[in-house]
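Trainee: Contents of work_33.cif (mmCIF, C-alpha atoms and all ligand atoms) are below:
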```cif
data_run
loop_
_atom_site.label_atom_id
_atom_site.label_comp_id
_atom_site.auth_asym_id
_atom_site.auth_seq_id
_atom_site.Cartn_x
_atom_site.Cartn_y
_atom_site.Cartn_z
CA MET A 58 15.65 5.79 7.12
CA VAL A 59 16.29 3.00 9.62
CA TYR A 60 18.93 3.99 12.11
CA SER A 61 18.92 1.33 14.75
CA ASP A 62 21.84 2.11 17.00
CA HIS A 63 19.61 0.47 19.54
CA ILE A 64 16.98 -2.18 18.98
CA TYR A 65 14.09 -2.89 21.25
CA VAL A 66 13.47 -6.63 21.62
CA GLU A 67 10.76 -8.42 23.55
CA GLU A 68 12.53 -10.26 26.34
CA GLU A 69 11.09 -13.69 25.65
CA LEU A 70 12.52 -13.60 22.10
CA LEU A 71 16.00 -13.21 23.56
CA ASP A 72 15.60 -16.59 25.26
CA ALA A 73 17.50 -19.19 23.20
CA CYS A 74 14.66 -21.69 23.82
CA ASP A 75 12.07 -19.48 22.11
CA PRO A 76 11.11 -20.90 18.69
CA TYR A 77 11.61 -17.43 17.15
CA HIS A 78 14.94 -16.72 18.81
CA LEU A 79 17.00 -17.49 15.69
CA GLN A 80 14.90 -15.23 13.49
CA THR A 81 15.29 -12.53 16.15
CA GLU A 82 19.07 -12.99 16.13
CA ARG A 83 19.21 -12.77 12.34
CA ILE A 84 17.50 -9.39 12.40
CA ILE A 85 19.66 -8.12 15.25
CA ASP A 86 22.81 -9.22 13.39
CA PHE A 87 21.85 -7.04 10.43
CA PHE A 88 22.61 -3.97 12.51
CA LYS A 89 26.24 -3.67 13.55
CA ASP A 90 27.27 -2.14 16.88
CA ARG A 91 23.72 -1.93 18.08
CA GLN A 92 22.57 -1.86 21.65
CA ILE A 93 19.77 -4.24 22.57
CA ILE A 94 17.13 -2.95 24.91
CA PRO A 95 14.92 -5.73 26.30
CA ILE A 96 11.26 -4.81 26.71
CA GLY A 97 8.24 -6.68 28.04
CA HIS A 98 5.81 -5.97 25.20
CA TYR A 99 6.30 -3.95 22.02
CA LYS A 100 3.42 -1.67 22.98
CA ASP A 101 5.45 -0.48 26.00
CA VAL A 102 7.60 1.39 23.46
CA PHE A 103 5.41 1.71 20.39
CA ASN A 104 2.32 3.03 22.18
CA ARG A 105 4.13 5.36 24.58
CA SER A 106 2.40 8.68 25.07
CA ARG A 107 3.91 12.00 23.93
CA GLN A 108 5.96 10.55 21.04
CA ASP A 109 6.95 12.93 18.26
CA VAL A 110 6.39 10.92 15.09
CA CYS A 111 7.87 13.69 12.92
CA ILE A 112 11.23 13.49 14.71
CA GLN A 113 11.11 9.68 14.80
CA ALA A 114 10.55 9.57 11.03
CA ASP A 115 14.17 10.63 10.41
CA ASN A 116 15.56 8.19 12.93
CA LYS A 117 13.39 5.09 12.94
CA LYS A 118 14.18 2.41 15.48
CA ILE A 119 13.54 -1.30 15.08
CA ILE A 120 11.30 -3.09 17.57
CA ILE A 121 11.31 -6.90 17.41
CA ALA A 122 8.16 -8.52 18.71
CA ARG A 123 5.78 -11.46 18.61
CA LYS A 124 2.40 -10.89 16.99
CA ARG A 125 -0.38 -11.93 19.33
CA GLY A 126 -4.17 -12.01 19.12
CA ARG A 127 -5.62 -11.58 15.65
CA LEU A 128 -3.10 -12.44 12.97
CA VAL A 129 -5.19 -11.94 9.82
CA TYR A 130 -7.85 -9.28 9.14
CA GLU A 131 -10.67 -8.86 6.64
CA GLY A 132 -9.93 -6.34 3.89
CA ALA A 133 -10.88 -2.71 4.62
CA PRO A 134 -13.49 -0.90 2.49
CA VAL A 135 -10.92 1.59 1.11
CA CYS A 136 -8.86 -1.31 -0.26
CA GLN A 137 -9.57 -3.21 -3.44
CA SER A 138 -10.41 -6.91 -3.45
CA PHE A 139 -9.83 -7.27 -7.23
CA GLY A 140 -12.95 -9.40 -7.44
CA ASN A 141 -11.81 -11.91 -4.81
CA SER A 142 -14.54 -13.14 -2.44
CA HIS A 143 -12.30 -13.89 0.53
CA PHE A 144 -10.06 -10.87 0.85
CA PHE A 145 -7.77 -10.53 3.87
CA TYR A 146 -4.67 -8.69 4.90
CA THR A 147 -1.98 -9.22 7.47
CA SER A 148 0.82 -7.13 8.93
CA CYS A 149 4.05 -8.93 9.68
CA VAL A 150 5.67 -5.49 9.90
CA MET A 151 4.16 -2.22 11.16
CA ASN A 152 5.49 1.00 9.59
CA CYS A 153 7.71 1.62 6.67
CA ILE A 154 11.26 2.68 5.83
CA PHE A 155 9.77 5.12 3.31
CA ASP A 156 7.86 8.24 4.28
CA CYS A 157 5.15 9.24 1.80
CA SER A 158 3.41 12.48 2.78
CA TYR A 159 -0.05 11.01 2.29
CA CYS A 160 0.58 7.65 3.96
CA TYR A 161 -2.25 6.64 6.31
CA LEU A 162 0.29 5.03 8.63
CA LYS A 163 1.14 8.57 9.78
CA GLY A 164 -2.33 8.83 11.23
CA MET A 165 -2.83 5.21 12.20
CA TYR A 166 0.10 4.53 14.51
CA PRO A 167 1.31 6.43 17.57
CA SER A 168 4.95 5.93 16.54
CA ALA A 169 7.11 6.01 13.40
CA ASN A 170 9.34 3.20 14.69
CA ILE A 171 9.23 -0.08 12.83
CA VAL A 172 7.84 -3.19 14.51
CA ILE A 173 8.94 -6.49 12.99
CA PHE A 174 6.91 -9.48 14.08
CA VAL A 175 9.17 -12.51 13.98
CA ASN A 176 6.50 -15.20 14.24
CA ILE A 177 5.50 -15.16 10.59
CA GLU A 178 5.01 -18.94 10.73
CA ASP A 179 2.09 -18.38 13.17
CA ILE A 180 0.49 -16.22 10.47
CA PHE A 181 1.10 -19.01 7.94
CA SER A 182 -0.74 -21.46 10.26
CA ARG A 183 -3.72 -19.13 10.52
CA ILE A 184 -3.88 -18.83 6.74
CA GLU A 185 -3.75 -22.60 6.40
CA ASP A 186 -6.84 -22.72 8.67
CA LEU A 187 -8.62 -20.27 6.34
CA LEU A 188 -7.53 -22.22 3.28
CA LYS A 189 -9.42 -25.24 4.62
CA LEU A 190 -12.60 -23.14 4.20
CA TYR A 191 -12.04 -21.29 0.91
CA PRO A 192 -9.41 -19.83 -1.45
CA VAL A 193 -7.78 -16.79 0.11
CA TYR A 194 -6.64 -13.51 -1.40
CA LEU A 195 -4.16 -11.91 1.00
CA CYS A 196 -2.40 -8.56 0.98
CA VAL A 197 0.79 -8.65 3.04
CA SER A 198 2.43 -5.32 2.32
CA TYR A 199 -0.13 -2.65 3.21
CA ASP A 200 1.24 -1.40 6.53
CA THR A 201 4.82 -1.39 5.31
CA ASP A 202 6.85 -1.93 2.13
CA LEU A 203 8.15 -5.47 2.51
CA LEU A 204 10.51 -5.29 -0.48
CA GLY A 205 12.20 -2.26 1.07
CA LEU A 206 12.86 -4.32 4.19
CA GLU A 207 13.86 -7.55 2.48
CA ASP A 208 17.52 -7.46 3.54
CA ILE A 209 16.45 -7.18 7.16
CA THR A 210 13.50 -9.59 7.29
CA GLY A 211 13.64 -11.94 4.29
CA TYR A 212 9.83 -11.94 4.38
CA VAL A 213 9.24 -11.57 0.63
CA LYS A 214 11.19 -14.80 0.19
CA LYS A 215 9.19 -16.45 2.97
CA TRP A 216 5.87 -15.38 1.44
CA SER A 217 6.82 -16.60 -2.02
CA GLY A 218 7.95 -19.93 -0.54
CA PHE A 219 4.71 -20.31 1.42
CA ALA A 220 2.47 -19.29 -1.50
CA SER A 221 4.25 -21.64 -3.89
CA CYS A 222 3.08 -24.55 -1.69
CA HIS A 223 -0.55 -23.34 -1.40
CA ARG A 224 -2.23 -23.05 -4.76
CA ASP A 225 -5.50 -21.66 -3.33
CA LEU A 226 -3.67 -18.71 -1.85
CA THR A 227 -3.00 -15.51 -3.79
CA VAL A 228 -0.61 -13.07 -2.14
CA GLU A 229 -0.29 -9.43 -3.14
CA ILE A 230 2.97 -7.64 -2.26
CA ARG A 231 2.54 -3.91 -2.81
CA THR A 232 5.67 -1.81 -3.24
CA LYS A 233 7.30 1.41 -4.38
CA CYS A 234 10.75 -0.11 -4.10
CA GLY A 235 13.19 0.05 -7.00
CA ARG A 236 15.11 -3.13 -6.19
CA VAL A 237 15.76 -5.45 -9.13
CA ASP A 238 18.02 -7.91 -7.35
CA VAL A 239 15.53 -9.87 -5.25
CA TYR A 240 13.58 -11.81 -7.82
CA ASP A 241 16.13 -14.46 -8.74
CA ALA A 242 16.30 -15.55 -5.11
CA LEU A 243 12.54 -16.15 -4.78
CA ASP A 244 10.48 -19.28 -5.35
CA LYS A 245 8.90 -18.75 -8.72
CA THR A 246 5.16 -18.88 -8.43
CA ASP A 247 2.27 -17.25 -10.25
CA ASN A 248 0.20 -16.78 -7.10
CA VAL A 249 2.36 -13.98 -5.74
CA ILE A 250 1.46 -10.67 -7.39
CA PHE A 251 3.95 -7.85 -7.18
CA ALA A 252 1.87 -4.68 -7.18
CA TYR A 253 3.92 -1.62 -8.15
CA SER A 254 2.51 1.72 -7.09
CA LEU A 255 3.42 4.16 -9.84
CA SER A 256 3.26 7.94 -9.69
CA PRO A 257 4.46 10.74 -11.95
CA ASP A 258 7.90 12.04 -11.00
CA GLU A 259 6.21 15.34 -10.06
CA VAL A 260 4.28 13.49 -7.33
CA ILE A 261 7.28 11.39 -6.31
CA SER A 262 9.54 14.40 -5.82
CA ALA A 263 6.90 16.27 -3.83
CA TYR A 264 5.20 13.55 -1.78
CA GLU A 265 7.16 10.28 -2.05
CA LYS A 266 10.60 11.76 -1.46
CA LYS A 267 12.29 8.69 -0.02
CA ASN A 268 10.98 6.23 -2.61
CA ALA A 269 12.47 5.11 -5.90
CA GLY A 270 11.83 7.34 -8.93
CA LEU A 271 9.41 6.32 -11.67
CA ILE A 272 12.00 4.80 -14.01
CA SER A 273 13.51 2.70 -11.20
CA ARG A 274 10.06 1.36 -10.30
CA ILE A 275 9.33 0.51 -13.95
CA LYS A 276 12.65 -1.36 -14.20
CA ALA A 277 11.91 -3.22 -10.97
CA ALA A 278 8.44 -4.18 -12.23
CA GLU A 279 10.01 -5.46 -15.42
CA ALA A 280 12.50 -7.53 -13.41
CA ALA A 281 9.57 -9.12 -11.56
CA MET A 282 7.82 -9.93 -14.86
CA ASN A 283 10.99 -11.34 -16.38
CA ALA A 284 11.35 -13.59 -13.35
CA GLY A 285 7.87 -14.95 -14.07
CA PHE A 286 5.78 -13.15 -11.43
CA PRO A 287 2.44 -11.52 -12.25
CA VAL A 288 2.71 -7.75 -11.93
CA ARG A 289 -0.05 -5.31 -11.08
CA PHE A 290 0.25 -1.59 -11.70
CA CYS A 291 -1.36 0.60 -9.05
CA PHE A 292 -2.10 4.15 -10.05
CA ASP A 293 -3.22 4.71 -6.54
CA PRO A 294 -3.35 7.10 -4.82
CA MET A 295 -3.70 9.57 -7.66
CA ILE A 296 -2.88 13.04 -6.34
CA ARG A 297 -4.46 16.16 -7.79
CA ILE A 298 -1.37 18.26 -8.38
CA ASN A 299 -1.71 21.43 -10.50
CA ASN A 300 -0.87 19.90 -13.86
CA TRP A 301 -2.20 16.45 -12.98
CA LYS A 302 -3.43 15.51 -16.46
CA GLU A 303 -0.10 16.24 -18.14
CA ALA A 304 1.79 14.58 -15.29
CA TYR A 305 -0.21 11.33 -15.35
CA ALA A 306 -0.27 11.22 -19.18
CA GLY A 307 3.51 11.77 -19.26
CA MET A 308 4.04 9.06 -16.66
CA PHE A 309 1.96 6.59 -18.64
CA GLU A 310 3.80 7.41 -21.84
CA GLU A 311 7.09 6.74 -20.06
CA ILE A 312 5.78 3.39 -18.80
CA CYS A 313 4.63 2.34 -22.28
CA ARG A 314 7.96 3.37 -23.76
CA ARG A 315 9.78 1.00 -21.43
CA ILE A 316 7.42 -1.91 -20.93
CA ASP A 317 4.90 -3.88 -22.98
CA ILE A 318 1.77 -2.84 -21.09
CA LYS A 319 -0.02 -6.01 -22.20
CA ARG A 320 2.30 -8.01 -19.94
CA VAL A 321 0.73 -6.35 -16.88
CA LYS A 322 -1.76 -8.65 -15.15
CA ASP A 323 -4.16 -5.85 -14.17
CA HIS A 324 -4.33 -2.25 -13.05
CA SER A 325 -5.66 -0.56 -9.97
CA VAL A 326 -6.82 3.04 -10.23
CA GLY A 327 -7.84 5.13 -7.23
CA SER A 328 -7.61 8.72 -6.14
CA PHE A 329 -6.47 9.65 -2.65
CA ARG A 330 -8.80 8.60 0.17
CA ILE A 331 -8.33 8.09 3.87
CA SER A 332 -10.31 7.35 7.01
CA ALA A 333 -11.51 10.47 8.86
CA ASP A 334 -9.75 9.40 12.07
CA TYR A 335 -6.37 9.00 10.39
CA LEU A 336 -6.67 12.31 8.54
CA LYS A 337 -7.54 14.11 11.78
CA LYS A 338 -4.39 12.70 13.46
CA MET A 339 -2.23 13.58 10.44
CA ARG A 340 -3.49 17.15 10.49
CA GLU A 341 -2.59 17.44 14.18
CA ARG A 342 0.89 16.08 13.54
CA TYR A 343 1.83 17.52 10.14
CA VAL A 344 0.44 21.03 10.19
CA ASN A 345 2.74 22.16 7.36
CA GLU A 346 1.91 19.37 4.91
CA PRO A 347 -0.31 21.03 2.25
CA LEU A 348 -1.46 17.76 0.69
CA ILE A 349 -3.46 16.69 3.74
CA TRP A 350 -5.12 20.11 4.12
CA TYR A 351 -6.94 19.87 0.80
CA PRO A 352 -10.69 20.44 1.36
CA PHE A 353 -11.66 16.79 0.94
CA SER A 354 -15.26 15.58 1.05
CA GLU A 355 -16.35 13.35 3.90
CA ASP A 356 -18.60 10.35 3.36
CA LYS A 357 -19.33 7.61 5.89
CA GLY A 358 -16.13 8.16 7.87
CA TYR A 359 -13.79 8.53 4.89
CA TYR A 360 -12.31 11.58 3.22
CA SER A 361 -11.59 11.79 -0.50
CA TYR A 362 -11.74 14.29 -3.34
CA ALA A 363 -15.30 15.32 -4.23
CA ARG A 364 -17.04 12.65 -6.28
CA GLU A 365 -16.84 14.53 -9.59
CA ILE A 366 -13.12 15.27 -9.09
CA SER A 367 -12.13 11.71 -8.27
CA ASP A 368 -14.33 10.40 -11.10
CA GLU A 369 -12.61 12.75 -13.51
CA MET A 370 -9.13 11.69 -12.36
CA GLU A 371 -9.82 7.97 -12.29
CA SER A 372 -11.67 7.98 -15.64
CA PHE A 373 -8.76 9.86 -17.18
CA MET A 374 -6.28 7.27 -15.92
CA GLU A 375 -8.49 4.37 -16.96
CA GLY A 376 -8.79 5.97 -20.42
CA LEU A 377 -5.01 6.13 -20.78
CA ILE A 378 -4.71 2.44 -19.94
CA THR A 379 -7.54 1.15 -22.12
CA LYS A 380 -6.43 3.27 -25.07
CA LYS A 381 -3.12 1.38 -25.05
CA ASP A 382 -4.62 -1.97 -24.13
CA PRO A 383 -8.38 -2.23 -24.76
CA ALA A 384 -8.42 -5.67 -23.12
CA ALA A 385 -6.76 -4.46 -19.89
CA SER A 386 -8.36 -5.34 -16.55
CA VAL A 387 -8.77 -2.07 -14.67
CA PHE A 388 -10.13 -2.04 -11.11
CA ARG A 389 -11.43 1.15 -9.52
CA TRP A 390 -12.11 1.18 -5.82
CA ARG A 391 -15.46 3.00 -6.19
CA ASP A 392 -16.71 0.20 -8.44
CA GLU A 393 -16.39 -2.13 -5.49
CA THR A 394 -17.59 -0.01 -2.60
CA GLY A 395 -20.13 2.22 -4.29
CA ARG A 396 -18.73 4.97 -2.12
S1 LIG B 1 5.71 3.16 0.60
FE1 LIG B 1 3.58 2.75 1.17
S2 LIG B 1 3.65 2.09 3.31
FE2 LIG B 1 5.59 3.09 2.85
S3 LIG B 1 5.32 5.24 3.46
FE3 LIG B 1 4.81 5.11 1.28
S4 LIG B 1 2.58 4.75 1.22
FE4 LIG B 1 3.29 4.30 3.32
#
```
Would you mind writing the file out in structure tokens?
Mentor:
Amino acid sequence: MVYSDHIYVEEELLDACDPYHLQTERIIDFFKDRQIIPIGHYKDVFNRSRQDVCIQADNKKIIIARKRGRLVYEGAPVCQSFGNSHFFYTSCVMNCIFDCSYCYLKGMYPSANIVIFVNIEDIFSRIEDLLKLYPVYLCVSYDTDLLGLEDITGYVKKWSGFASCHRDLTVEIRTKCGRVDVYDALDKTDNVIFAYSLSPDEVISAYEKKNAGLISRIKAAEAAMNAGFPVRFCFDPMIRINNWKEAYAGMFEEICRRIDIKRVKDHSVGSFRISADYLKKMRERYVNEPLIWYPFSEDKGYYSYAREISDEMESFMEGLITKKDPAASVFRWRDETGR
């Protein structure tokens, strides 16, 4: 939950002459009766020592900042490129209004507060530089859920507008948000993929407590399709709950009851995996979270289920999909990394 009774703002963005002052004001205006606390640099607040991320998670503050240094990064090995040669990601927001138990952000950042970088146009310029070299595949909603923040930032609209003018750019917006009301307001373009992460309700109620339920996500995905956007289904991360086979089969049946699965552009399938560093931090911070204490296997700095377990889970999911749609494109992260 975002409860910004006070908002931290980098001082220079409060200056009316700053090119990103108006965008800053728009975000501030979203929160009524808020107190503004000027700061020099977002890291002064975000990287403070001795923060309790568990307490912050129920009372997330907004930090408004300018993104400096590297604006675009090469895709990480635990992420899927979907066959794209030039795979990048960017973070115009750090942290998420949701709070999934397994989310790597809990081990990656020193704070649960949400940093919104207002200079998204600087990121656009950097991408235009890359587009002079080759077509770009760009994930923009890894370190947050941009659809969940759309009322505050308007960034999904900005990305769809930018992508609609750059045909060699493909943008993936990953989400677990159940909103159906955003799509009519966006620039219609087939190079923005809305990637819906879908989980059985058993997983959602245990580990994705603040996210939309399965049926809401299916309805939202359908709204995106009806508005003309390509939609990807991400069965990722699959979680090995007790009755996982029944749960995932039941989820897929529910999806197929409500949606023509052949309308889905492609599918991503992956079992839970995480970098060793992030898992170590999560275990220090969330000692009572059983999911992260599973005896995962470690390989080259990453933890995941043992090879035979993840193979079994991912093959099962792939089988469900291809049984319904033999021509479906299914991407599994191990296929790409060999991990
Ligand atoms: S929705 Fe995604 S980014 Fe947000 S907490 Fe869940 S896993 Fe993390």
Trainee: Would you mind listing the residues within 7 Å of ligand LIG 1 (chain B), counting all atoms listed in the file, as a list in words?
Mentor: Asn152, Cys153, Ile154, Phe155, Asp156, Cys157, Tyr159, Cys160, Tyr161, Leu162, Tyr199, Asp200, Thr201, Asp202, Thr232, Lys233, Glu265 and Asn268 of chain A
Trainee: Could you work out how far atom CA of A:Trp216 lies from atom CA of A:Leu70, giving the answer in Å with one decimal?
Mentor: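 Here the two named atoms are 21.8 Å from each other.
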Trainee: Sorted by chain and rising residue number, which residues of stretch 182-264 of chain A lie within 10 Å of stretch 309-329 of chain A, and what are their closest atom pairs and distances in Å to one decimal, counting only C-alpha atoms, as a Markdown table?
Mentor:
```
| residue | atom | partner | partner_atom | distance |
| --- | --- | --- | --- | --- |
| A:Ile250 | CA | A:Lys322 | CA | 8.6 |
| A:Phe251 | CA | A:Lys322 | CA | 9.8 |
| A:Ala252 | CA | A:His324 | CA | 8.9 |
| A:Tyr253 | CA | A:His324 | CA | 9.6 |
| A:Ser254 | CA | A:Ser325 | CA | 9.0 |
| A:Leu255 | CA | A:Phe309 | CA | 9.2 |
| A:Ser256 | CA | A:Phe309 | CA | 9.1 |
| A:Pro257 | CA | A:Phe309 | CA | 8.3 |
```
Trainee: Would you compute the distance between atom CA of A:Phe181 and atom CA of A:Leu195? Give it in Å to one decimal.
Mentor: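 Between these atoms lies a distance of 11.2 Å.
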Trainee: Quick one: pull the distance between atom CA of A:Gly164 and atom CA of A:Asp115, Å, one decimal.
Mentor: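 That distance, rounded to one decimal, is 16.6 Å.
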Trainee: Using only C-alpha atoms, which residues sit within 10 Å of A:Tyr77 once same-chain residues fewer than 4 positions away are excluded, as a list in words?
Mentor: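 Counting only the stated atoms, we get Glu69, Leu70, Leu71, Asp72, Ala73, Thr81, Glu82, Ala122, Arg123, Phe174, Val175, Asn176, Ile177 and Glu178 of chain A.
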Trainee: Rank nothing, just name the residue among A:Lys302, A:Lys163, A:Lys267, A:Lys214 nearest to A:Tyr343, using only C-alpha atoms.
Mentor: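 Of all the options, A:Lys163 lies closest to A:Tyr343.
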Trainee: Could you rebuild stretch 295-320 of chain A with N, CA and C atoms and give me the result as a PDB file, in the frame of the given file?
Mentor:
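Okay, this is what ended up in rebuild.pdb:
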```pdb
ATOM      1  N   MET A 295      -3.934   8.448  -6.749  1.00  0.00           N
ATOM      2  CA  MET A 295      -3.700   9.570  -7.660  1.00  0.00           C
ATOM      3  C   MET A 295      -3.819  10.864  -6.848  1.00  0.00           C
ATOM      4  N   ILE A 296      -2.895  11.777  -7.092  1.00  0.00           N
ATOM      5  CA  ILE A 296      -2.880  13.040  -6.340  1.00  0.00           C
ATOM      6  C   ILE A 296      -3.158  14.185  -7.312  1.00  0.00           C
ATOM      7  N   ARG A 297      -4.054  15.063  -6.903  1.00  0.00           N
ATOM      8  CA  ARG A 297      -4.460  16.160  -7.790  1.00  0.00           C
ATOM      9  C   ARG A 297      -3.467  17.317  -7.678  1.00  0.00           C
ATOM     10  N   ILE A 298      -2.318  17.138  -8.319  1.00  0.00           N
ATOM     11  CA  ILE A 298      -1.370  18.260  -8.380  1.00  0.00           C
ATOM     12  C   ILE A 298      -1.860  19.214  -9.477  1.00  0.00           C
ATOM     13  N   ASN A 299      -1.244  20.393  -9.574  1.00  0.00           N
ATOM     14  CA  ASN A 299      -1.710  21.430 -10.500  1.00  0.00           C
ATOM     15  C   ASN A 299      -1.888  20.945 -11.929  1.00  0.00           C
ATOM     16  N   ASN A 300      -0.839  20.333 -12.457  1.00  0.00           N
ATOM     17  CA  ASN A 300      -0.870  19.900 -13.860  1.00  0.00           C
ATOM     18  C   ASN A 300      -1.113  18.394 -13.933  1.00  0.00           C
ATOM     19  N   TRP A 301      -2.078  17.894 -13.158  1.00  0.00           N
ATOM     20  CA  TRP A 301      -2.200  16.450 -12.980  1.00  0.00           C
ATOM     21  C   TRP A 301      -2.406  15.690 -14.285  1.00  0.00           C
ATOM     22  N   LYS A 302      -3.162  16.250 -15.211  1.00  0.00           N
ATOM     23  CA  LYS A 302      -3.430  15.510 -16.460  1.00  0.00           C
ATOM     24  C   LYS A 302      -2.144  15.295 -17.239  1.00  0.00           C
ATOM     25  N   GLU A 303      -1.365  16.367 -17.409  1.00  0.00           N
ATOM     26  CA  GLU A 303      -0.100  16.240 -18.140  1.00  0.00           C
ATOM     27  C   GLU A 303       0.839  15.283 -17.400  1.00  0.00           C
ATOM     28  N   ALA A 304       0.872  15.404 -16.081  1.00  0.00           N
ATOM     29  CA  ALA A 304       1.790  14.580 -15.290  1.00  0.00           C
ATOM     30  C   ALA A 304       1.442  13.100 -15.424  1.00  0.00           C
ATOM     31  N   TYR A 305       0.171  12.749 -15.284  1.00  0.00           N
ATOM     32  CA  TYR A 305      -0.210  11.330 -15.350  1.00  0.00           C
ATOM     33  C   TYR A 305      -0.093  10.799 -16.789  1.00  0.00           C
ATOM     34  N   ALA A 306      -0.410  11.661 -17.776  1.00  0.00           N
ATOM     35  CA  ALA A 306      -0.270  11.220 -19.180  1.00  0.00           C
ATOM     36  C   ALA A 306       1.216  11.000 -19.500  1.00  0.00           C
ATOM     37  N   GLY A 307       2.065  11.915 -19.018  1.00  0.00           N
ATOM     38  CA  GLY A 307       3.510  11.770 -19.260  1.00  0.00           C
ATOM     39  C   GLY A 307       4.062  10.528 -18.596  1.00  0.00           C
ATOM     40  N   MET A 308       3.601  10.270 -17.370  1.00  0.00           N
ATOM     41  CA  MET A 308       4.040   9.060 -16.660  1.00  0.00           C
ATOM     42  C   MET A 308       3.661   7.810 -17.458  1.00  0.00           C
ATOM     43  N   PHE A 309       2.415   7.798 -17.951  1.00  0.00           N
ATOM     44  CA  PHE A 309       1.960   6.590 -18.640  1.00  0.00           C
ATOM     45  C   PHE A 309       2.709   6.395 -19.964  1.00  0.00           C
ATOM     46  N   GLU A 310       3.013   7.491 -20.603  1.00  0.00           N
ATOM     47  CA  GLU A 310       3.800   7.410 -21.840  1.00  0.00           C
ATOM     48  C   GLU A 310       5.176   6.798 -21.564  1.00  0.00           C
ATOM     49  N   GLU A 311       5.778   7.253 -20.463  1.00  0.00           N
ATOM     50  CA  GLU A 311       7.090   6.740 -20.060  1.00  0.00           C
ATOM     51  C   GLU A 311       7.022   5.229 -19.781  1.00  0.00           C
ATOM     52  N   ILE A 312       5.962   4.815 -19.102  1.00  0.00           N
ATOM     53  CA  ILE A 312       5.780   3.390 -18.800  1.00  0.00           C
ATOM     54  C   ILE A 312       5.703   2.590 -20.105  1.00  0.00           C
ATOM     55  N   CYS A 313       4.859   3.086 -21.032  1.00  0.00           N
ATOM     56  CA  CYS A 313       4.630   2.340 -22.280  1.00  0.00           C
ATOM     57  C   CYS A 313       5.873   2.345 -23.165  1.00  0.00           C
ATOM     58  N   ARG A 314       6.707   3.353 -23.004  1.00  0.00           N
ATOM     59  CA  ARG A 314       7.960   3.370 -23.760  1.00  0.00           C
ATOM     60  C   ARG A 314       8.902   2.265 -23.293  1.00  0.00           C
ATOM     61  N   ARG A 315       8.797   1.910 -22.031  1.00  0.00           N
ATOM     62  CA  ARG A 315       9.780   1.000 -21.430  1.00  0.00           C
ATOM     63  C   ARG A 315       9.272  -0.413 -21.228  1.00  0.00           C
ATOM     64  N   ILE A 316       7.981  -0.606 -21.285  1.00  0.00           N
ATOM     65  CA  ILE A 316       7.420  -1.910 -20.930  1.00  0.00           C
ATOM     66  C   ILE A 316       6.261  -2.221 -21.860  1.00  0.00           C
ATOM     67  N   ASP A 317       6.080  -3.498 -22.206  1.00  0.00           N
ATOM     68  CA  ASP A 317       4.900  -3.880 -22.980  1.00  0.00           C
ATOM     69  C   ASP A 317       3.731  -3.955 -21.995  1.00  0.00           C
ATOM     70  N   ILE A 318       2.845  -2.987 -22.086  1.00  0.00           N
ATOM     71  CA  ILE A 318       1.770  -2.840 -21.090  1.00  0.00           C
ATOM     72  C   ILE A 318       0.860  -4.074 -21.063  1.00  0.00           C
ATOM     73  N   LYS A 319       0.854  -4.822 -22.155  1.00  0.00           N
ATOM     74  CA  LYS A 319      -0.020  -6.010 -22.200  1.00  0.00           C
ATOM     75  C   LYS A 319       0.527  -7.139 -21.310  1.00  0.00           C
ATOM     76  N   ARG A 320       1.754  -6.995 -20.853  1.00  0.00           N
ATOM     77  CA  ARG A 320       2.300  -8.010 -19.940  1.00  0.00           C
ATOM     78  C   ARG A 320       1.814  -7.803 -18.505  1.00  0.00           C
TER      79      ARG A 320
END
```
